[in-house]
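K.L.:
Next up is a structure, given as structure tokens.
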Amino acid sequence: MDELYTYERSLAGECRPFCGVDEAGRGPLAGPVCAAAVILPEGLILPGINDSKKLTEKKREALFDLICENAVAYGIAFATVEEIEEFNIKNAAYLAMDRAIALLRVKPALALVDGNDKNTLSVPSIKVIKGDALCASIAAASILAKVTRDRCMLELAREYPGYGFEKHKGYGTAAHYAALRQLGPSPVHRPTFLRKMH
């Protein structure tokens, strides 16, 4: 688990404080995209922290509270379905990331971002491929984003019953496609993501 902190320890002083940034919800057919930014205390090791996709829902929920309690600062933000449609999913994800960074009560000198997109943020940033498995602060951000988006999809499941959002969280499962064929799209579905259905 210590390897999650190796990259961040190598960053020079002028890069501090830095935040880890990640998003959840690029691939689903429905719902917003969520992003989080996290600044962890220097030297703090949070046991169990990892890429959110490698953790169980129960573990993510427990770590969510642990991260929020121990972080120097964190921000969580969304980009809406309308913004995804207007700007495309990649740009909307970066819009959500910028919003999350803007919510940090400590201004970061640098953002560590999962992936290798060419998009830029409002603060200086370094792209880290597979960053959610290499950097603790990105892993922490991935957990906050994933848990928050899942909670959002549970609310949308109550608002738009029948689609199974509570189970698949908007991803394109067989059950989700079957529900779409039966009910048609809801106001929280992403029209451009449904084109391949026609």
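Each chain in the structure tokens gets a letter, A, B, ..., in the order shown, and its residues are numbered from 1; ligands are numbered from 1 in order too.
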Might you pull out every residue within 9 Å of Leu46 (chain A), with only C-alpha atoms counted and same-chain residues fewer than 2 positions away left off, and present them as a count of residues only?
P.N.:
8
K.L.:
Any chance you could list, as a tab-separated table (two decimals) with N, CA and C atoms, in the first residue's frame, the residues in region 1-186 of chain A that come up alpha helix (DSSP H) when DSSP is run on the backbone?
P.N.:
```tsv
chain	number	residue	atom	x	y	z
A	3	GLU	N	3.21	2.04	-1.85
A	3	GLU	CA	3.54	2.56	-3.18
A	3	GLU	C	2.57	3.66	-3.61
A	4	LEU	N	1.39	3.70	-3.02
A	4	LEU	CA	0.42	4.76	-3.32
A	4	LEU	C	0.95	6.14	-2.93
A	5	TYR	N	1.92	6.17	-2.04
A	5	TYR	CA	2.44	7.44	-1.54
A	5	TYR	C	3.80	7.80	-2.13
A	6	THR	N	4.42	6.88	-2.87
A	6	THR	CA	5.78	7.09	-3.39
A	6	THR	C	5.84	8.26	-4.36
A	7	TYR	N	4.92	8.31	-5.32
A	7	TYR	CA	4.91	9.37	-6.33
A	7	TYR	C	4.75	10.73	-5.66
A	8	GLU	N	3.81	10.82	-4.73
A	8	GLU	CA	3.53	12.10	-4.10
A	8	GLU	C	4.69	12.58	-3.23
A	9	ARG	N	5.39	11.65	-2.60
A	9	ARG	CA	6.55	12.02	-1.79
A	9	ARG	C	7.67	12.61	-2.64
A	57	GLU	N	-18.51	-1.71	-2.31
A	57	GLU	CA	-19.33	-0.54	-1.98
A	57	GLU	C	-19.24	-0.22	-0.49
A	58	LYS	N	-19.27	-1.24	0.35
A	58	LYS	CA	-19.19	-1.05	1.80
A	58	LYS	C	-17.86	-0.40	2.20
A	59	LYS	N	-16.78	-0.87	1.59
A	59	LYS	CA	-15.45	-0.32	1.88
A	59	LYS	C	-15.35	1.12	1.41
A	60	ARG	N	-15.90	1.41	0.24
A	60	ARG	CA	-15.89	2.79	-0.27
A	60	ARG	C	-16.62	3.73	0.67
A	61	GLU	N	-17.77	3.28	1.16
A	61	GLU	CA	-18.57	4.10	2.07
A	61	GLU	C	-17.79	4.42	3.35
A	62	ALA	N	-17.10	3.41	3.90
A	62	ALA	CA	-16.32	3.61	5.12
A	62	ALA	C	-15.15	4.56	4.87
A	63	LEU	N	-14.48	4.38	3.73
A	63	LEU	CA	-13.35	5.24	3.40
A	63	LEU	C	-13.78	6.66	3.09
A	64	PHE	N	-14.98	6.81	2.54
A	64	PHE	CA	-15.52	8.15	2.25
A	64	PHE	C	-15.49	8.99	3.51
A	65	ASP	N	-16.01	8.46	4.61
A	65	ASP	CA	-16.05	9.20	5.87
A	65	ASP	C	-14.65	9.45	6.40
A	66	LEU	N	-13.78	8.45	6.28
A	66	LEU	CA	-12.40	8.57	6.76
A	66	LEU	C	-11.65	9.67	6.01
A	67	ILE	N	-11.84	9.71	4.70
A	67	ILE	CA	-11.18	10.73	3.88
A	67	ILE	C	-11.69	12.13	4.24
A	68	CYS	N	-13.01	12.26	4.34
A	68	CYS	CA	-13.59	13.57	4.66
A	68	CYS	C	-13.14	14.07	6.03
A	69	GLU	N	-13.00	13.16	6.97
A	69	GLU	CA	-12.59	13.54	8.33
A	69	GLU	C	-11.12	13.94	8.39
A	70	ASN	N	-10.27	13.34	7.55
A	70	ASN	CA	-8.82	13.54	7.65
A	70	ASN	C	-8.23	14.47	6.60
A	81	VAL	N	-26.36	16.49	-16.93
A	81	VAL	CA	-26.63	15.82	-18.20
A	81	VAL	C	-26.68	16.85	-19.33
A	82	GLU	N	-27.27	18.01	-19.05
A	82	GLU	CA	-27.35	19.06	-20.08
A	82	GLU	C	-25.95	19.54	-20.48
A	83	GLU	N	-25.06	19.65	-19.50
A	83	GLU	CA	-23.69	20.08	-19.80
A	83	GLU	C	-22.92	18.99	-20.54
A	84	ILE	N	-23.19	17.74	-20.20
A	84	ILE	CA	-22.58	16.62	-20.94
A	84	ILE	C	-22.99	16.68	-22.40
A	85	GLU	N	-24.27	16.96	-22.63
A	85	GLU	CA	-24.78	17.03	-24.01
A	85	GLU	C	-24.21	18.24	-24.75
A	86	GLU	N	-24.06	19.35	-24.03
A	86	GLU	CA	-23.59	20.58	-24.69
A	86	GLU	C	-22.09	20.56	-24.97
A	87	PHE	N	-21.32	20.06	-24.02
A	87	PHE	CA	-19.86	20.18	-24.12
A	87	PHE	C	-19.15	18.88	-24.44
A	89	ILE	N	-18.76	14.59	-23.01
A	89	ILE	CA	-18.49	14.02	-21.69
A	89	ILE	C	-17.11	14.37	-21.17
A	90	LYS	N	-16.11	14.41	-22.06
A	90	LYS	CA	-14.75	14.71	-21.61
A	90	LYS	C	-14.67	16.13	-21.06
A	91	ASN	N	-15.21	17.09	-21.80
A	91	ASN	CA	-15.19	18.48	-21.35
A	91	ASN	C	-16.04	18.68	-20.10
A	92	ALA	N	-17.17	17.98	-20.04
A	92	ALA	CA	-18.03	18.08	-18.86
A	92	ALA	C	-17.32	17.52	-17.62
A	93	ALA	N	-16.57	16.45	-17.80
A	93	ALA	CA	-15.81	15.88	-16.68
A	93	ALA	C	-14.80	16.89	-16.15
A	94	TYR	N	-14.14	17.59	-17.06
A	94	TYR	CA	-13.16	18.60	-16.63
A	94	TYR	C	-13.85	19.81	-16.00
A	95	LEU	N	-15.03	20.13	-16.47
A	95	LEU	CA	-15.83	21.20	-15.84
A	95	LEU	C	-16.14	20.82	-14.39
A	96	ALA	N	-16.54	19.58	-14.17
A	96	ALA	CA	-16.82	19.11	-12.81
A	96	ALA	C	-15.54	19.12	-11.96
A	97	MET	N	-14.40	18.74	-12.56
A	97	MET	CA	-13.13	18.76	-11.83
A	97	MET	C	-12.77	20.17	-11.40
A	98	ASP	N	-12.91	21.13	-12.31
A	98	ASP	CA	-12.62	22.53	-11.96
A	98	ASP	C	-13.53	23.02	-10.85
A	99	ARG	N	-14.78	22.63	-10.90
A	99	ARG	CA	-15.72	23.03	-9.84
A	99	ARG	C	-15.30	22.43	-8.50
A	100	ALA	N	-14.86	21.17	-8.53
A	100	ALA	CA	-14.43	20.51	-7.29
A	100	ALA	C	-13.20	21.21	-6.72
A	101	ILE	N	-12.24	21.57	-7.58
A	101	ILE	CA	-11.03	22.27	-7.14
A	101	ILE	C	-11.40	23.63	-6.55
A	102	ALA	N	-12.35	24.32	-7.17
A	102	ALA	CA	-12.77	25.64	-6.69
A	102	ALA	C	-13.38	25.57	-5.30
A	136	ALA	N	-2.14	8.35	-3.73
A	136	ALA	CA	-3.14	8.27	-2.66
A	136	ALA	C	-4.20	9.35	-2.78
A	137	SER	N	-3.80	10.58	-3.14
A	137	SER	CA	-4.78	11.66	-3.20
A	137	SER	C	-5.74	11.48	-4.38
A	138	ILE	N	-5.25	10.91	-5.50
A	138	ILE	CA	-6.15	10.61	-6.62
A	138	ILE	C	-7.09	9.46	-6.23
A	139	ALA	N	-6.54	8.44	-5.56
A	139	ALA	CA	-7.39	7.33	-5.10
A	139	ALA	C	-8.48	7.85	-4.16
A	140	ALA	N	-8.11	8.77	-3.27
A	140	ALA	CA	-9.09	9.36	-2.35
A	140	ALA	C	-10.17	10.11	-3.12
A	141	ALA	N	-9.74	10.88	-4.13
A	141	ALA	CA	-10.70	11.62	-4.96
A	141	ALA	C	-11.62	10.66	-5.70
A	142	SER	N	-11.08	9.55	-6.19
A	142	SER	CA	-11.90	8.57	-6.92
A	142	SER	C	-12.98	7.98	-6.02
A	143	ILE	N	-12.64	7.78	-4.75
A	143	ILE	CA	-13.61	7.23	-3.79
A	143	ILE	C	-14.72	8.26	-3.52
A	144	LEU	N	-14.34	9.51	-3.27
A	144	LEU	CA	-15.35	10.55	-3.00
A	144	LEU	C	-16.28	10.74	-4.19
A	145	ALA	N	-15.70	10.74	-5.40
A	145	ALA	CA	-16.51	10.94	-6.61
A	145	ALA	C	-17.45	9.76	-6.82
A	146	LYS	N	-16.93	8.55	-6.69
A	146	LYS	CA	-17.74	7.34	-6.94
A	146	LYS	C	-18.88	7.23	-5.93
A	147	VAL	N	-18.58	7.40	-4.64
A	147	VAL	CA	-19.62	7.27	-3.61
A	147	VAL	C	-20.69	8.34	-3.80
A	148	THR	N	-20.26	9.58	-4.07
A	148	THR	CA	-21.21	10.68	-4.25
A	148	THR	C	-22.10	10.44	-5.45
A	149	ARG	N	-21.52	9.99	-6.56
A	149	ARG	CA	-22.33	9.74	-7.75
A	149	ARG	C	-23.30	8.58	-7.52
A	150	ASP	N	-22.83	7.53	-6.86
A	150	ASP	CA	-23.73	6.40	-6.56
A	150	ASP	C	-24.92	6.84	-5.71
A	151	ARG	N	-24.64	7.71	-4.74
A	151	ARG	CA	-25.74	8.23	-3.89
A	151	ARG	C	-26.71	9.06	-4.72
A	152	CYS	N	-26.17	9.82	-5.66
A	152	CYS	CA	-27.01	10.61	-6.56
A	152	CYS	C	-27.91	9.70	-7.40
A	153	MET	N	-27.35	8.59	-7.89
A	153	MET	CA	-28.13	7.67	-8.71
A	153	MET	C	-29.22	6.96	-7.89
A	154	LEU	N	-28.98	6.76	-6.61
A	154	LEU	CA	-30.02	6.19	-5.74
A	154	LEU	C	-31.20	7.16	-5.63
A	155	GLU	N	-30.88	8.45	-5.52
A	155	GLU	CA	-31.95	9.47	-5.49
A	155	GLU	C	-32.72	9.49	-6.81
A	156	LEU	N	-31.97	9.40	-7.92
A	156	LEU	CA	-32.63	9.41	-9.23
A	156	LEU	C	-33.47	8.15	-9.44
A	157	ALA	N	-33.08	7.04	-8.81
A	157	ALA	CA	-33.87	5.80	-8.89
A	157	ALA	C	-35.24	5.99	-8.25
A	158	ARG	N	-35.28	6.77	-7.18
A	158	ARG	CA	-36.57	7.06	-6.53
A	158	ARG	C	-37.41	8.02	-7.38
A	159	GLU	N	-36.72	8.94	-8.03
A	159	GLU	CA	-37.41	9.94	-8.85
A	159	GLU	C	-37.90	9.34	-10.17
A	165	PHE	N	-31.76	2.25	-11.74
A	165	PHE	CA	-30.59	3.06	-11.43
A	165	PHE	C	-29.92	2.63	-10.12
A	166	GLU	N	-30.75	2.14	-9.18
A	166	GLU	CA	-30.19	1.74	-7.88
A	166	GLU	C	-29.25	0.55	-8.00
A	167	LYS	N	-29.42	-0.22	-9.09
A	167	LYS	CA	-28.57	-1.40	-9.29
A	167	LYS	C	-27.37	-1.09	-10.17
A	168	HIS	N	-27.62	-0.56	-11.38
A	168	HIS	CA	-26.52	-0.39	-12.35
A	168	HIS	C	-25.94	1.02	-12.37
A	174	ALA	N	-27.73	-5.00	-19.58
A	174	ALA	CA	-28.85	-5.58	-20.35
A	174	ALA	C	-30.18	-5.16	-19.75
A	175	ALA	N	-30.27	-5.16	-18.42
A	175	ALA	CA	-31.51	-4.77	-17.74
A	175	ALA	C	-31.84	-3.31	-18.01
A	176	HIS	N	-30.82	-2.47	-18.06
A	176	HIS	CA	-31.03	-1.04	-18.33
A	176	HIS	C	-31.55	-0.83	-19.75
A	177	TYR	N	-30.94	-1.51	-20.71
A	177	TYR	CA	-31.41	-1.39	-22.10
A	177	TYR	C	-32.84	-1.91	-22.25
A	178	ALA	N	-33.15	-2.98	-21.52
A	178	ALA	CA	-34.52	-3.53	-21.57
A	178	ALA	C	-35.52	-2.51	-21.02
A	179	ALA	N	-35.14	-1.85	-19.92
A	179	ALA	CA	-36.01	-0.82	-19.33
A	179	ALA	C	-36.19	0.36	-20.28
A	180	LEU	N	-35.12	0.73	-20.97
A	180	LEU	CA	-35.20	1.83	-21.93
A	180	LEU	C	-36.14	1.50	-23.08
A	181	ARG	N	-36.07	0.26	-23.55
A	181	ARG	CA	-36.97	-0.15	-24.65
A	181	ARG	C	-38.42	-0.13	-24.19
A	182	GLN	N	-38.64	-0.46	-22.94
A	182	GLN	CA	-40.01	-0.50	-22.42
A	182	GLN	C	-40.54	0.88	-22.06
A	183	LEU	N	-39.70	1.70	-21.42
A	183	LEU	CA	-40.16	2.98	-20.86
A	183	LEU	C	-39.77	4.19	-21.69
```
K.L.:
I need the strand (DSSP E) residues of region 72-177 of chain A per DSSP on the backbone, written as a list in words.
P.N.:
Ala73, Tyr74, Gly75, Ile76, Ala77, Phe78, Ala79, Leu110, Ala111, Leu112, Val113, Asp114, Ser125, Ile126, Lys127 and Val128 of chain A
K.L.:
Residues of the last selection are to be written out with C-alpha atoms, as a compact mmCIF listing (two decimals), in the first residue's frame.
P.N.:
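Ended up saving to selection08.txt:
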```
# COMPACT_ATOMS: atom_id res chain seq x y z
CA ALA A 73 -9.53 20.00 2.16
CA TYR A 74 -11.88 18.34 -0.30
CA GLY A 75 -14.39 19.41 -2.90
CA ILE A 76 -17.05 17.42 -4.75
CA ALA A 77 -18.95 18.74 -7.77
CA PHE A 78 -21.08 17.67 -10.73
CA ALA A 79 -21.58 18.49 -14.37
CA LEU A 110 -0.79 21.65 -8.39
CA ALA A 111 -3.44 19.11 -9.33
CA LEU A 112 -2.63 15.45 -9.93
CA VAL A 113 -5.21 14.15 -12.39
CA ASP A 114 -5.99 10.56 -13.27
CA SER A 125 -1.74 19.97 -13.35
CA ILE A 126 0.14 16.75 -13.98
CA LYS A 127 -1.60 13.84 -15.68
CA VAL A 128 -0.88 10.49 -14.04
```
